[in-house]
Amino acid sequence: MKGWFFKVFSLKKDIFLIFLLLPVFLFSKELITLKGNPIQGALMLGEISSQVERIFLNYRVIPIFENRFIIGFNRDEPSRQIITVVKNDGEIFTISFHIQQREYKYQEITITDKKFKDPWNNPEISQRIQLENERLYQVRSNMDIFSKLESYRFIRPVTGGRISSEFGFRRIINGNPGAIHNGLDIALPAGTDVKAMSCGEVILADDFFYNGRFVLIDHGSGLSSIYLHLQDIYVCKGQKVKTGDIIGTIGSSGRSTGPHLHWEIRWRNCKIDPEKIKDIDDIFLQFSEE
């Protein structure tokens, strides 16, 4: 789907894009350029001309900084997407396109370790879990989605390692359906350095029952990343970090079967596949009035 051309037809300022299997045509004066992989669980970067005043995705306003913006698609995002472009002179264009749907796997796991007995049967532990879930939800809800995204460059937080669990699948533990896996698990030896995927502010660094020791970073514009099951934490709440700063080390704390990093990315309420951030420079769409 990446790198193909959308032919544009205009009718009463509504723009309908018809999907054609042709190379990208470079317009001379693009109002908007969209880069990335148009697929569920992906991030995409946008660039606009000075003629554009506002951008909306599915009728929700998207913050713009220095003529750039970022959008994301959830694990189960609907196929059809709508971007509304408002020019400085008040003229409005609606760009409609479709993202690729994905099929996710199931993973069956049998665990006998007493560490993995149902914690909800223990009133003390279940209360702890509930309070921790509420706290994490509150911290994420308080993020300023209109704050500036300082960097559009993202790195992998660890070097090497084996992908032990992919994004998006559902685990079946001891015959019982579990939660959907919203991150990427990378198996590495305990003590391996974990780096911040981009610059931002640490908004939570703690030790939870499920997460173990973890760090949550707000990168701006509603984008955040979280790093679970750490052995050591080297940062604290309120600390500013740069891309590549070491924030902790690989561990097996919390609800974990062995040393690994659970790396999770969110844009607003959308769960993003960490493996998809590497496709972010590919041009998907370019649109001009001409």
# chains A, B, ... in the order shown; residues from 1 in each chain; ligands from 1

call {"tool": "select_by_dssp", "arguments": {"residues": "segment 35-105 of chain A", "states": "strand (DSSP E)", "output": "JSON, numbers by chain"}}
result
{"A": [35, 36, 43, 44, 45, 46, 47, 48, 52, 53, 54, 55, 56, 57, 60, 61, 62, 68, 69, 70, 71, 72, 80, 81, 82, 83, 84, 85, 86, 87, 92, 93, 94, 95, 96, 97, 98]}

call {"tool": "residues_around", "arguments": {"residues": "Leu188 of chain A", "least_positions_apart": "6", "cutoff": "8 Å", "atoms": "only C-alpha atoms", "output": "compact mmCIF listing (two decimals) with C-alpha atoms, in the first residue's frame"}}
result
# COMPACT_ATOMS: atom_id res chain seq x y z
CA GLY A 160 19.34 -7.05 19.48
CA GLY A 161 17.24 -9.50 21.43
CA ARG A 162 14.55 -11.97 20.45
CA ILE A 250 16.07 -5.44 31.53
CA PRO A 259 14.00 -11.40 31.62
CA HIS A 260 12.55 -9.27 28.85
CA LEU A 261 11.35 -5.78 28.00

call {"tool": "select_by_dssp", "arguments": {"residues": "segment 127-286 of chain A", "states": "alpha helix (DSSP H)", "output": "count of residues only"}}
result
15

call {"tool": "closest_atom_pairs", "arguments": {"of": "segment 55-174 of chain A", "to": "segment 265-279 of chain A", "cutoff": "9 Å", "atoms": "only C-alpha atoms", "output": "tab-separated table"}}
result
residue	atom	partner	partner_atom	distance
A:Ile70	CA	A:Trp267	CA	8.8
A:Ile71	CA	A:Trp267	CA	7.4
A:Gly72	CA	A:Trp267	CA	5.9
A:Phe73	CA	A:Cys270	CA	6.0
A:Asn74	CA	A:Cys270	CA	4.3
A:Arg75	CA	A:Lys271	CA	5.9
A:Glu77	CA	A:Cys270	CA	8.5
A:Arg140	CA	A:Arg268	CA	8.6
A:Ser141	CA	A:Arg268	CA	8.8
A:Met143	CA	A:Arg268	CA	8.8
A:Ile145	CA	A:Arg268	CA	7.0
A:Phe154	CA	A:Ile277	CA	7.1
A:Ile155	CA	A:Lys278	CA	8.3
A:Arg156	CA	A:Pro274	CA	8.4
A:Glu166	CA	A:Asp273	CA	8.7
A:Phe167	CA	A:Asp273	CA	5.8
A:Gly168	CA	A:Asp273	CA	7.7

call {"tool": "write_last_selection", "arguments": {"atoms": "N, CA and C atoms", "output": "CSV table (one decimal), in the first residue's frame"}}
result
chain,number,residue,atom,x,y,z
A,70,ILE,N,1.4,14.5,14.0
A,70,ILE,CA,1.5,13.1,14.1
A,70,ILE,C,0.1,12.5,14.4
A,71,ILE,N,-0.2,11.3,13.8
A,71,ILE,CA,-1.5,10.6,14.0
A,71,ILE,C,-1.2,9.2,14.2
A,72,GLY,N,-2.1,8.4,14.8
A,72,GLY,CA,-1.9,7.0,15.0
A,72,GLY,C,-3.2,6.2,14.8
A,73,PHE,N,-3.1,4.9,14.6
A,73,PHE,CA,-4.2,4.1,14.4
A,73,PHE,C,-4.2,2.9,15.4
A,74,ASN,N,-5.3,2.7,16.0
A,74,ASN,CA,-5.5,1.7,17.0
A,74,ASN,C,-5.3,0.2,16.4
A,75,ARG,N,-5.2,-0.7,17.3
A,75,ARG,CA,-5.1,-2.1,16.9
A,75,ARG,C,-6.2,-2.6,16.1
A,77,GLU,N,-8.5,-0.4,14.6
A,77,GLU,CA,-9.0,0.9,13.9
A,77,GLU,C,-9.8,0.5,12.7
A,140,ARG,N,-2.2,8.9,32.6
A,140,ARG,CA,-2.4,8.9,31.1
A,140,ARG,C,-3.4,9.9,30.7
A,141,SER,N,-4.5,10.0,31.5
A,141,SER,CA,-5.6,10.9,31.1
A,141,SER,C,-5.2,12.4,31.3
A,143,MET,N,-2.3,13.6,30.6
A,143,MET,CA,-1.3,14.1,29.6
A,143,MET,C,-1.9,15.2,28.7
A,145,ILE,N,-2.5,16.5,25.4
A,145,ILE,CA,-2.4,16.0,24.0
A,145,ILE,C,-2.1,17.1,23.0
A,154,PHE,N,12.5,8.2,16.3
A,154,PHE,CA,12.3,7.2,17.3
A,154,PHE,C,13.3,6.1,17.1
A,155,ILE,N,13.8,5.6,18.2
A,155,ILE,CA,14.8,4.5,18.2
A,155,ILE,C,14.2,3.3,18.9
A,156,ARG,N,14.8,2.1,18.7
A,156,ARG,CA,14.5,0.9,19.5
A,156,ARG,C,15.2,1.1,20.8
A,166,GLU,N,4.6,-10.8,20.1
A,166,GLU,CA,4.3,-9.7,19.2
A,166,GLU,C,3.2,-8.9,19.7
A,167,PHE,N,3.0,-7.8,19.0
A,167,PHE,CA,1.9,-6.8,19.3
A,167,PHE,C,0.6,-7.4,18.8
A,168,GLY,N,-0.5,-7.2,19.6
A,168,GLY,CA,-1.8,-7.4,19.1
A,168,GLY,C,-2.5,-8.7,19.3

call {"tool": "residues_around", "arguments": {"residues": "His219 of chain A", "least_positions_apart": "2", "cutoff": "8 Å", "atoms": "only C-alpha atoms", "output": "list in words"}}
result
Leu149, Glu150, Ser198, Cys199, Gly200, Glu201, Ile217, Ser221, Gly222, Leu223, Ser224 and Ser225 of chain A

call {"tool": "write_last_selection", "arguments": {"atoms": "C-alpha atoms", "output": "PDB file, in the first residue's frame"}}
result
ATOM      1  CA  LEU A 149       6.182  16.701  20.152  1.00  0.00           C
ATOM      2  CA  GLU A 150       9.863  17.598  20.522  1.00  0.00           C
ATOM      3  CA  SER A 198      12.580   9.544  22.050  1.00  0.00           C
ATOM      4  CA  CYS A 199      12.895  12.686  24.146  1.00  0.00           C
ATOM      5  CA  GLY A 200      10.200  13.517  26.667  1.00  0.00           C
ATOM      6  CA  GLU A 201       9.299  13.715  30.343  1.00  0.00           C
ATOM      7  CA  ILE A 217       7.414   8.746  29.276  1.00  0.00           C
ATOM      8  CA  SER A 221       1.100  15.522  21.339  1.00  0.00           C
ATOM      9  CA  GLY A 222      -0.496  12.528  23.072  1.00  0.00           C
ATOM     10  CA  LEU A 223       2.398  10.140  22.324  1.00  0.00           C
ATOM     11  CA  SER A 224       3.770   8.047  25.198  1.00  0.00           C
ATOM     12  CA  SER A 225       5.935   4.990  25.731  1.00  0.00           C
TER      13      SER A 225
END

call {"tool": "closest_residue", "arguments": {"among": "A:Ile280, A:Ile186, A:Ala179, A:Ile109", "to": "Leu43 of chain A", "atoms": "only C-alpha atoms"}}
result
A:Ile280

call {"tool": "residues_around", "arguments": {"residues": "Glu289 of chain A", "least_positions_apart": "2", "cutoff": "8 Å", "atoms": "only C-alpha atoms", "output": "list in words"}}
result
Glu30, Leu31 and Phe287 of chain A
